[in-house]
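A.B. asks: Here it is, the structure, as structure tokens.
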Amino acid sequence: MPRKGAPVSKTTKADGIGTVRVDALKPTLDLARSIYEQLDAGEIPRMRLPLRTKQNIAFQMKDGVWKLGRAMGTRSARKLDGALMLLRTFYLVDFINEMAREGKTSTLRELYYISEGWEEGKFHSEDESNLLIEDLEVLCERLREDFRVHPEENGASVIGDLTIKETNRKGVVKKINCRDDVGDGGYAIPFNVEKEKIEFISSGAKFVIAIECGGMVDRLAENGFDEKHGAVLLHLKGQPARSTRRFLKRLNEELKLPVVVFTDGDPWSFRIFASVAFGAIKTAHISQYLATPQAEFLGVTASDIENYELPSDNLTDQDIRALQAELTDPRFKTAEWRSEIELMLKNGKKAEQQSLAKYGLNYVTDTYLPEKLGEMGVL
Amino acid sequence: MPPSKTLAQQLAAKQREISVAEFFERNRQILGFDNPLRALLTTVKEGVDNSLDACEEAQQLPDILVEVTKEGVDRLRVAVEDNGPGILKREIPNVFGRLLYGSRFHANRQSRGQQGIGISAAVLYAGLTTARPAKVTSKVEEEEAAHVVELLIDTQKNLPKVVSEDLLLWDRPHGTRIELLLKAKYQRGRQSPFDYLKGTAIVNPHARFTLVEPDGTRITYERASTEVPPVPKEVAPHPYGLELGELAYRLKAATRPLLLECLQKDLAGVSPRAAREVLSKAGLSSTTRAADLHGEDLEKLLTALHSVALVAPSAESLSAIGPMLIKRGLRNVLGDVRPEFYAPPVSRPPKVRGGFPFLVEVGLVYGGALPADQPVQLLRFANRVPLLFQQGACAITTAVQNLDWRRYGLDQKGGQGMPGGPCLILVHVASTKIPFTSEAKEAVAEDPELDKELTLALQAAARHLRTHISRRTRREFASEKFAIILKILPKLAEKTSALVHKPVPDLTPVITRIMDVVSVDTTVASEAGGIRARTEVTNYTPRARVLEVFVEMPCELVPKAKYAQTPEGTDAELGRAWWTLEKLPPSGKASIEVSFPKGTEVEASDLSWYIAGVDEAHLLGAEPLPGDWDVRLPRAVIEAAEAGLEPLPGTEEAEVDYDAAEGSARVEDDES
């Protein structure tokens with residue numbers, strides 16, 4: 001729940017971020033014009049949007065990612081929920097135009113608090129404001145950064161032999177090696193990872209390993225896995241933020257580094273992989289920009305749990321429902337994923353990455369990863 | 001050598017009369033005295049039941065006081081006092097000091113007490129637990145003073161033992177008070193005297209009850225009706241469901257010698273024609289004497305009685321509470337709960353089982369402060385007496401649980417068991433003989449005939465509930481629409497207009513498209529000049545309407561009514577007046593005012609408003625014209641109504657609601 005009277009809008013200068021496209025304002029005003037014209041014609045105002053649901057995503061050969069399909073939904077003032085979302089849309093459009101006039105930007109969280117002043121249009125949860133911003137992205141075919149709204153830094157990080165140039169918030173260009181020039185925490189990925197902010201210079205690494213949990217990143221770093229095997233360690237921090245996914249995609253495309261994804265062995269981790277490799281449903285409208293179709297799943301797989309005799313937990317009812325939902329998810333409709341999901345359902349077991357510590361602290365770096373990477377042909 | 005005793009003699013020597021005390025000890029539970037909480041309730045209940053029966057017989061409006069005071073650690077003094085006709089001094093010891101003594105057991109009519117065990121059992125229990133006599137004070141109208149009798153029960157002989165007698169100048173014309181000291185415990189809540197009196201007040205709205213609790217709290221239920229229910233008439237048993245033994249008993253005690261006449265006089269529902277048909281079917285001659293009938297002939301007679309069409313049993317021996325008084329009783333006691341809906345109570349016609357007539361009544365209340373997340377409250381009554389124990393073993397409960405309440409708008413797992421929701425259900429079974437599961441009279445036994453009636457009555461009440469809930473859903477739907485047009489739409493228009501630098505457009509057409517109803521809003525206000533009922537009709541539909549407005553009121557109000565707008569016509573006999581609202585454009589309003597002089601007893605619910613010229617789906621706040629009203633509507637109204645059924649151009653076809661569909665996306669992946 002938002003706190004009443006929380007400090008509003010600690011805005012930063014747009015300068016130095018450099019991604020705001022001025023032409024983003026026009027489509028927002030076009031939306032307002034469309035509603036105005038409907039009202040003027042005596043019609044119940046409405047907007048049509050592509051449905052962002054599991055049933056409405058389609059694989060796009062051109063980009064190799066899953067994107068929004070053709071099914072449309074209507075947001076109409078005929079219903080209370082629809083009317084409220086329409087009203088909020090224009091409070092938001094008004095706010096965006098105001099920010100543009102004043103040269104400000106806002107975080108998603110600040111936007112949520114800004115809505116305190118929107119009376120009926122006030123958001124009841126941050127989910128609602130995030131969804132509305134995504135709706136606006138879809139409607140205007142722009143990114144939220146174009147609307148001067150961005151997420152907070154989320155702390156995902158990179159460790160490994162990777163040299164980049166970053167233009168920091170003071171406009172100073174810094175050259176950073178993500179192994180030698182950073183502390184134990186690694187290089188923190190900023191929310192803006194576009195070319196004008198970050199440039200990839202070079203890398204001595206052979207591949208990128210994207211890891212779900214921080215503890216596992218630390219383990220690999222402590223054991224010197226990155227140096228020994230030429231790996232860039234990338235911390236996903238659970239479901240990865242847009243910037244993390246974009247960063248990974250650029251690493252893959254620009255430096256031609258293969259990407260492997262190393263997560264827990266449970267249904268939720270499968271979804272982390274899906275949003276990295278295939279594109280997430282909620283952001284299917286920008287999958288071509290965020291997804292890394294070449295990424296491969298390393299583990300922990302259902303068969304790893306068996307083969308390595310890992311300590312495991314029984315699947316909960318929620319886990320089982322999640323797996324069953326994945327069986328009807330078009331992104332998982334490959335023979336490999338089906339058998340993986342079905343095997344997990346059959347065994348009824350899940351395991352964490354760190355369960356590999358059963359065989360000692362070096363087992364993951366000395367045995368498990370070399371074996372798996374060898375099978376995948378990465379090592 | 002003396003002859004040795006035979007086995008029969010030996011057995012006979014062991015046989016002896018069982019004293020009532022022993023009988024009581026062994027049957028505490030069935031008599032309702034098995035623990036201190038229950039002993040108190042049973043005592044209060046027997047006392048109050050007796051008082052109510054006595055007042056009813058004397059056609060007196062009952063005024064009953066129950067006082068419970070604490071004496072020592074585990075003893076309570078219980079006093080029950082009434083304004084009944086009083087008891088003659090010589091009868092006092094028998095009424096209160098002798099088990100199985102009473103006037104009602106043999107009477108074939110409905111009464112609260114039946115077996116004559118109740119109050120004497122309480123006296124016995126008091127004597128057994130505290131060794132203190134019961135103190136009875138009673139005055140009859142003809143005597144100057146009241147008699148005060150202290151008595152115990154001789155547990156060996158089942159006879160009253162009078163301890164003392166005295167006279168008292170009592171400040172009332174007549175009445176009875178009994179005081180008992182017994183081992184008991186007072187506690188509020190379910191199955192307490194408080195609950196019992198509350199239930200009793202509901203089904204006896206003609207009585208006034210006062211309860212004084214041990215801590216001095218005084219609760220009074222004022223009477224909600226000044227009509228004393230008529231004393232149920234005593235009637236002969238009806239042959240339907242009559243058993244052989246009972247038939248033989250009736251024929252032995254016949255008032256007429258000839259069987260032909262006896263069938264007509266000593267049984268109910270047998271006409272002379274039916275009596276002759278019965279005799280011929282049973283192969284008996286018309287000169288057969290009632291007393292001569294034995295064995296096989298008796299059985300033939302019974303079979304014949306069951307196969308001949310008879311007059312349905314009479315309800316005269318039953319005392320139904322009746323729909324109006326059920327409603328008043330519920331209102332009186334549930335006032336502080338403020339229920340939003342009182343279903344019209346259901347009073348089924350009498351039916352017969354086992355030769356005894358019975359009937360079922362159901363009242364249902366919904367909403368207000370009744371808890372929404374709890375099982376429905378079920379109030380069971382038998383012959384106007386609340387049943388507080390053994391809910392699970394009662395046929396009434398079974399009937400409630402076997403109904404699929406989901407169809408009527410309540411929650412119920414799997415369509416069986418106790419339904420849940422903000423609802424209270426009252427069920428009253430009246431009969432000259434209630435089939436109780438035990439002597440303690442706490443639960444009604446299962447019976448197919450009874451179950452059928454219970455189910456029919458519950459269904460009828462449940463249908464009213466369903467109608468109410470669906471109307472409420474419509475109102476909520478409408479309030480959602482009002483929220484859109486009053487709060488959201490104007491702001492949306494203001495915002496978008498400002499963004500495109502244009503003036504705010506006229507929203508009337510959009511508003512009427514969103515609402516698409518004719519809305520009727522009625523208010524009744526008491527003003528200096530009198531009472532003014534005002535009805536405002538707003539056409540929130542996208543086209544012009546011609547409407548006919550009808551008001552219906554109780555006939556006695558018609559001469560007092562004054563109309564601000566001259567009606568198109570009135571019908572004093574039917575209590576109606578009507579107006580034609582010419583060409584009401586979209587968003588147009590019209591109002592009609594009816595006023596009554598000061599002091600007229602009139603409530604909003606006395607006036608019913610009906611609208612013709614718009615179909616039910618597009619009407620809010622009033623009813624469409626009832627189908628059985630024979631009214632000729634003006635041509636303009638009919639034409640406008642027909643035009644209203646045509647779909648408007650540009651009406652959008654069914655589309656996927658984006659905001660309902662999007663919810664599913666949130667479940668699928670959660671990333672930032």
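How things are named: the first chain in the structure tokens is A, the next is B, and so on; residues count from 1 in each chain; ligands count from 1 in the order shown.
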Residues near region 21-36 of chain A, anyone? I mean within 10 Å using only C-alpha atoms, not counting same-chain ones fewer than 3 positions away, as a compact mmCIF listing (two decimals) with C-alpha atoms, in the first residue's frame.
C.D. replies:
```
# COMPACT_ATOMS: atom_id res chain seq x y z
CA GLY A 18 19.35 10.72 -23.93
CA LEU A 39 -17.38 11.97 -27.11
CA ASP A 40 -18.23 14.76 -29.52
CA ALA A 41 -19.99 12.28 -31.80
CA GLY A 42 -22.03 10.95 -28.87
CA GLU A 43 -20.35 7.54 -28.88
CA ILE A 44 -19.29 5.65 -25.81
CA PRO A 45 -15.52 6.26 -25.77
CA ARG A 46 -13.34 3.23 -26.26
CA MET A 47 -9.89 2.09 -27.34
CA LEU A 86 -9.44 5.48 -19.85
CA THR A 89 -4.67 7.00 -19.42
CA PHE A 90 -5.29 10.71 -19.91
CA LEU A 92 -0.92 9.83 -17.52
CA VAL A 93 -0.77 11.46 -20.96
CA ASP A 94 -1.19 14.86 -19.32
CA ILE A 96 3.93 12.88 -19.65
CA ASN A 97 3.37 16.07 -21.61
CA ALA A 100 8.31 16.96 -21.43
CA LEU A 136 0.62 3.13 -23.65
CA GLU A 137 3.77 1.59 -25.13
CA LEU A 139 -0.87 2.00 -28.24
CA CYS A 140 1.80 4.53 -29.22
CA GLU A 141 4.47 2.08 -30.39
CA ARG A 142 7.05 3.71 -28.16
CA LEU A 143 9.07 2.58 -25.15
CA ARG A 144 8.34 3.77 -21.65
CA GLU A 145 11.65 5.66 -21.66
CA ASP A 146 10.22 7.69 -24.55
CA PHE A 147 7.48 8.73 -22.15
CA ARG A 148 10.17 9.78 -19.64
CA LEU B 492 -12.45 12.12 -19.03
CA ALA B 493 -14.14 14.71 -21.25
CA GLU B 494 -12.43 17.57 -19.43
CA LYS B 495 -8.96 15.96 -19.67
CA THR B 496 -9.13 14.97 -23.34
CA SER B 497 -10.69 18.29 -24.39
CA ALA B 498 -7.92 20.20 -22.61
CA LEU B 499 -5.25 18.05 -24.27
CA VAL B 500 -6.62 18.86 -27.73
CA HIS B 501 -7.51 22.46 -26.81
CA LYS B 502 -11.22 22.18 -27.51
CA PRO B 503 -14.32 22.98 -25.45
CA VAL B 504 -15.90 20.09 -23.51
CA PRO B 505 -18.60 18.53 -25.72
```
A.B. asks: Could you list, as a PDB file with N, CA and C atoms, in the first residue's frame, every residue within 12 Å of Leu361 (chain A), counting only C-alpha atoms and ignoring same-chain residues fewer than 6 positions away?
C.D. replies:
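Result written to result_22.pdb:
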```
ATOM      1  N   GLY A 215      23.764 -15.895  -4.842  1.00  0.00           N
ATOM      2  CA  GLY A 215      24.666 -16.799  -4.127  1.00  0.00           C
ATOM      3  C   GLY A 215      25.482 -17.640  -5.085  1.00  0.00           C
ATOM      4  N   MET A 216      24.878 -18.038  -6.190  1.00  0.00           N
ATOM      5  CA  MET A 216      25.575 -18.873  -7.171  1.00  0.00           C
ATOM      6  C   MET A 216      26.594 -18.043  -7.963  1.00  0.00           C
ATOM      7  N   ASP A 218      28.213 -15.526  -6.728  1.00  0.00           N
ATOM      8  CA  ASP A 218      29.332 -15.387  -5.797  1.00  0.00           C
ATOM      9  C   ASP A 218      30.185 -16.656  -5.758  1.00  0.00           C
ATOM     10  N   ARG A 219      29.516 -17.800  -5.761  1.00  0.00           N
ATOM     11  CA  ARG A 219      30.240 -19.070  -5.712  1.00  0.00           C
ATOM     12  C   ARG A 219      31.153 -19.201  -6.934  1.00  0.00           C
ATOM     13  N   LEU A 220      30.605 -18.918  -8.132  1.00  0.00           N
ATOM     14  CA  LEU A 220      31.401 -19.053  -9.348  1.00  0.00           C
ATOM     15  C   LEU A 220      32.561 -18.060  -9.361  1.00  0.00           C
ATOM     16  N   GLU A 222      34.035 -16.699  -6.662  1.00  0.00           N
ATOM     17  CA  GLU A 222      35.021 -17.096  -5.649  1.00  0.00           C
ATOM     18  C   GLU A 222      35.888 -18.255  -6.145  1.00  0.00           C
ATOM     19  N   ASN A 223      35.255 -19.165  -6.882  1.00  0.00           N
ATOM     20  CA  ASN A 223      35.999 -20.321  -7.381  1.00  0.00           C
ATOM     21  C   ASN A 223      36.789 -20.002  -8.667  1.00  0.00           C
ATOM     22  N   GLN A 354      21.723 -24.222  -5.594  1.00  0.00           N
ATOM     23  CA  GLN A 354      22.724 -24.398  -4.552  1.00  0.00           C
ATOM     24  C   GLN A 354      22.696 -25.784  -3.912  1.00  0.00           C
ATOM     25  N   SER A 355      21.711 -26.604  -4.314  1.00  0.00           N
ATOM     26  CA  SER A 355      21.699 -27.963  -3.772  1.00  0.00           C
ATOM     27  C   SER A 355      22.907 -28.763  -4.253  1.00  0.00           C
ATOM     28  N   THR A 367      32.848 -29.921 -11.557  1.00  0.00           N
ATOM     29  CA  THR A 367      32.226 -31.096 -12.162  1.00  0.00           C
ATOM     30  C   THR A 367      30.959 -30.769 -12.954  1.00  0.00           C
ATOM     31  N   TYR A 368      29.956 -30.198 -12.222  1.00  0.00           N
ATOM     32  CA  TYR A 368      28.645 -30.028 -12.847  1.00  0.00           C
ATOM     33  C   TYR A 368      28.700 -29.149 -14.094  1.00  0.00           C
TER      34      TYR A 368
END
```
A.B. asks: If we count only C-alpha atoms and set the cut-off at 8 Å, which residues sit around Glu165 (chain B), ignoring sequence neighbours fewer than 2 positions away in its own chain? Please answer as a list in words.
C.D. replies: His147, Val148, Val149, Glu150, Val162, Val163 and Leu167 of chain B
A.B. asks: Rank A:Thr328, A:Asn252, A:Asn307, A:Ser106 by their smallest atom-to-atom distance to Gln294 (chain A), using only C-alpha atoms, and report the top residue only.
C.D. replies: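 Answer, going by the shortest atom-to-atom distance: A:Asn252.
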A.B. asks: Using DSSP on the backbone coordinates, identify all residues within region 69-127 of chain A classified as strand (DSSP E); present the result as a list in words.
C.D. replies: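 Written out, the strand (DSSP E) residues of region 69-127 of chain A are Met72, Gly73, Thr74, Arg75, Ser76, Lys104, Thr105, Ser106 and Thr107 of chain A.
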A.B. asks: Kindly save the residues from that selection, with N, CA, C and O atoms included, as an mmCIF file, in the first residue's frame.
C.D. replies:
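Output saved as selection.cif:
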```cif
data_model
loop_
_atom_site.group_PDB
_atom_site.id
_atom_site.type_symbol
_atom_site.label_atom_id
_atom_site.label_comp_id
_atom_site.auth_asym_id
_atom_site.auth_seq_id
_atom_site.Cartn_x
_atom_site.Cartn_y
_atom_site.Cartn_z
ATOM 1 N N MET A 72 -7.675 -8.650 -30.471
ATOM 2 C CA MET A 72 -7.820 -7.329 -29.866
ATOM 3 C C MET A 72 -8.867 -7.360 -28.761
ATOM 4 O O MET A 72 -9.823 -8.125 -28.797
ATOM 5 N N GLY A 73 -8.677 -6.488 -27.797
ATOM 6 C CA GLY A 73 -9.689 -6.294 -26.763
ATOM 7 C C GLY A 73 -10.118 -4.841 -26.782
ATOM 8 O O GLY A 73 -9.448 -3.999 -27.381
ATOM 9 N N THR A 74 -11.251 -4.568 -26.138
ATOM 10 C CA THR A 74 -11.748 -3.196 -26.121
ATOM 11 C C THR A 74 -11.757 -2.669 -24.697
ATOM 12 O O THR A 74 -12.197 -3.357 -23.778
ATOM 13 N N ARG A 75 -11.268 -1.473 -24.542
ATOM 14 C CA ARG A 75 -11.354 -0.798 -23.249
ATOM 15 C C ARG A 75 -12.397 0.292 -23.444
ATOM 16 O O ARG A 75 -12.181 1.239 -24.184
ATOM 17 N N SER A 76 -13.554 0.095 -22.783
ATOM 18 C CA SER A 76 -14.686 0.974 -23.067
ATOM 19 C C SER A 76 -15.215 1.612 -21.785
ATOM 20 O O SER A 76 -15.170 1.001 -20.710
ATOM 21 N N LYS A 104 11.686 16.804 -17.322
ATOM 22 C CA LYS A 104 11.856 15.885 -16.193
ATOM 23 C C LYS A 104 11.650 14.444 -16.636
ATOM 24 O O LYS A 104 11.077 14.183 -17.703
ATOM 25 N N THR A 105 12.080 13.524 -15.782
ATOM 26 C CA THR A 105 11.698 12.121 -15.947
ATOM 27 C C THR A 105 11.211 11.623 -14.595
ATOM 28 O O THR A 105 11.386 12.282 -13.582
ATOM 29 N N SER A 106 10.599 10.462 -14.594
ATOM 30 C CA SER A 106 10.062 9.938 -13.340
ATOM 31 C C SER A 106 10.284 8.428 -13.283
ATOM 32 O O SER A 106 10.310 7.766 -14.328
ATOM 33 N N THR A 107 10.441 7.890 -12.084
ATOM 34 C CA THR A 107 10.527 6.427 -11.979
ATOM 35 C C THR A 107 9.106 5.861 -11.951
ATOM 36 O O THR A 107 8.142 6.584 -11.668
#
```
A.B. asks: Nearest to Asn158 (chain B): which of B:Glu22, B:Glu601, B:Glu442, B:Glu655 is it, counting only C-alpha atoms?
C.D. replies: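 When distances to Asn158 (chain B) are compared using only C-alpha atoms, the smallest one comes from B:Glu22.
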A.B. asks: Please list as a PDB file with N, CA, C and O atoms, in the first residue's frame every residue within 7 Å of Pro386 (chain B), counting only C-alpha atoms and excluding residues in the same chain fewer than 6 positions away.
C.D. replies:
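out-v1.pdb, freshly written:
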```
ATOM      1  N   TYR B 196     -34.111 -18.006  23.921  1.00  0.00           N
ATOM      2  CA  TYR B 196     -35.434 -18.620  23.922  1.00  0.00           C
ATOM      3  C   TYR B 196     -36.533 -17.555  23.912  1.00  0.00           C
ATOM      4  O   TYR B 196     -37.490 -17.630  23.136  1.00  0.00           O
ATOM      5  N   GLY B 199     -36.729 -15.799  20.510  1.00  0.00           N
ATOM      6  CA  GLY B 199     -37.455 -16.630  19.553  1.00  0.00           C
ATOM      7  C   GLY B 199     -38.945 -16.634  19.857  1.00  0.00           C
ATOM      8  O   GLY B 199     -39.783 -16.506  18.958  1.00  0.00           O
ATOM      9  N   THR B 200     -39.283 -16.780  21.140  1.00  0.00           N
ATOM     10  CA  THR B 200     -40.692 -16.815  21.530  1.00  0.00           C
ATOM     11  C   THR B 200     -41.381 -15.494  21.169  1.00  0.00           C
ATOM     12  O   THR B 200     -42.523 -15.482  20.725  1.00  0.00           O
ATOM     13  N   ARG B 380     -36.021 -22.576  14.611  1.00  0.00           N
ATOM     14  CA  ARG B 380     -37.038 -23.629  14.473  1.00  0.00           C
ATOM     15  C   ARG B 380     -38.107 -23.448  15.544  1.00  0.00           C
ATOM     16  O   ARG B 380     -37.783 -23.144  16.697  1.00  0.00           O
TER      17      ARG B 380
END
```
A.B. asks: Could you check the closest approach to Gly183 (chain A) for each of A:Ser203, A:Thr163, A:Gln288, A:Ser157 and tell me which residue wins, using only C-alpha atoms?
C.D. replies: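 When distances to Gly183 (chain A) are compared using only C-alpha atoms, the smallest one comes from A:Ser157.
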A.B. asks: Looking at B:Ala478, B:Val80, B:Leu620, B:Ala561, which one is nearest to chain A, with distances taken over only C-alpha atoms?
C.D. replies: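 Once distances to chain A are computed over only C-alpha atoms, the minimum belongs to B:Ala478.
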A.B. asks: So which residues of region 63-246 of chain A fall under helix (DSSP H, G or I) by DSSP, listed as a ChimeraX atom specification?
C.D. replies: /A:80-102,108-121,126-140,144-147,214-222,225-229,242-246
A.B. asks: Which residue, B:Gly295, B:Leu211, B:Thr303, B:Pro313, has the smallest gap to Ala268 (chain B) when you use only C-alpha atoms?
C.D. replies: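 Closest residue, counting only C-alpha atoms: B:Pro313.
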A.B. asks: For chain A, which of B:Asp516, B:Asp49, B:Glu261, B:Glu246 is the closest residue, counting only C-alpha atoms?
C.D. replies: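 The answer is B:Asp516, which sits nearest to chain A.
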A.B. asks: Calculate how many Å separate CA of Ile511 (chain B) from CA of Ile488 (chain B), rounding to one decimal.
C.D. replies: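 The value is 11.1 Å.
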A.B. asks: Name the residues in contact with region 121-133 of chain A at a cut-off of 6 Å, using only C-alpha atoms, excluding same-chain residues fewer than 5 positions from it; report them as a PyMOL selection string.
C.D. replies: chain A and resi 88+112+115-116
A.B. asks: Between CA of Gln191 (chain B) and CA of Leu359 (chain B), what is the distance in Å, rounded to a tenth?
C.D. replies: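 Straight-line distance from CA of Gln191 (chain B) to CA of Leu359 (chain B) works out to 25.2 Å.
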A.B. asks: Just want the 10 Å neighbourhood of region 244-251 of chain A, counted on only C-alpha atoms, with same-chain residues fewer than 3 positions away dropped. Output as a PyMOL selection string.
C.D. replies: chain A and resi 154-158+162+188-195+198-200+203+207-210+232+234-237+239-241+254-259+275-277+279+287-295
A.B. asks: If you measure from CA of Arg534 (chain B) to CA of Leu486 (chain B), what distance in Å do you get, rounded to one decimal?
C.D. replies: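 Rounded to one decimal, the two atoms are 22.4 Å apart.
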A.B. asks: If you count only C-alpha atoms, which residues fall within 6 Å of Gly368 (chain B), apart from same-chain ones fewer than 4 positions away, as a VMD selection string?
C.D. replies: chain B and resid 337 to 340
A.B. asks: Now that the selection is made, can you save its residues with N, CA, C and O atoms as an mmCIF file, in the first residue's frame?
C.D. replies:
```cif
data_model
loop_
_atom_site.group_PDB
_atom_site.id
_atom_site.type_symbol
_atom_site.label_atom_id
_atom_site.label_comp_id
_atom_site.auth_asym_id
_atom_site.auth_seq_id
_atom_site.Cartn_x
_atom_site.Cartn_y
_atom_site.Cartn_z
ATOM 1 N N VAL B 337 -30.944 -5.228 13.691
ATOM 2 C CA VAL B 337 -30.128 -5.844 12.641
ATOM 3 C C VAL B 337 -30.345 -5.107 11.309
ATOM 4 O O VAL B 337 -29.519 -5.157 10.415
ATOM 5 N N ARG B 338 -31.440 -4.397 11.211
ATOM 6 C CA ARG B 338 -31.805 -3.658 9.993
ATOM 7 C C ARG B 338 -31.665 -4.482 8.716
ATOM 8 O O ARG B 338 -30.888 -4.137 7.818
ATOM 9 N N PRO B 339 -32.368 -5.596 8.619
ATOM 10 C CA PRO B 339 -32.258 -6.409 7.403
ATOM 11 C C PRO B 339 -32.746 -5.609 6.191
ATOM 12 O O PRO B 339 -33.637 -4.771 6.331
ATOM 13 N N GLU B 340 -32.127 -5.856 5.048
ATOM 14 C CA GLU B 340 -32.538 -5.113 3.856
ATOM 15 C C GLU B 340 -33.764 -5.737 3.212
ATOM 16 O O GLU B 340 -34.431 -5.103 2.407
#
```
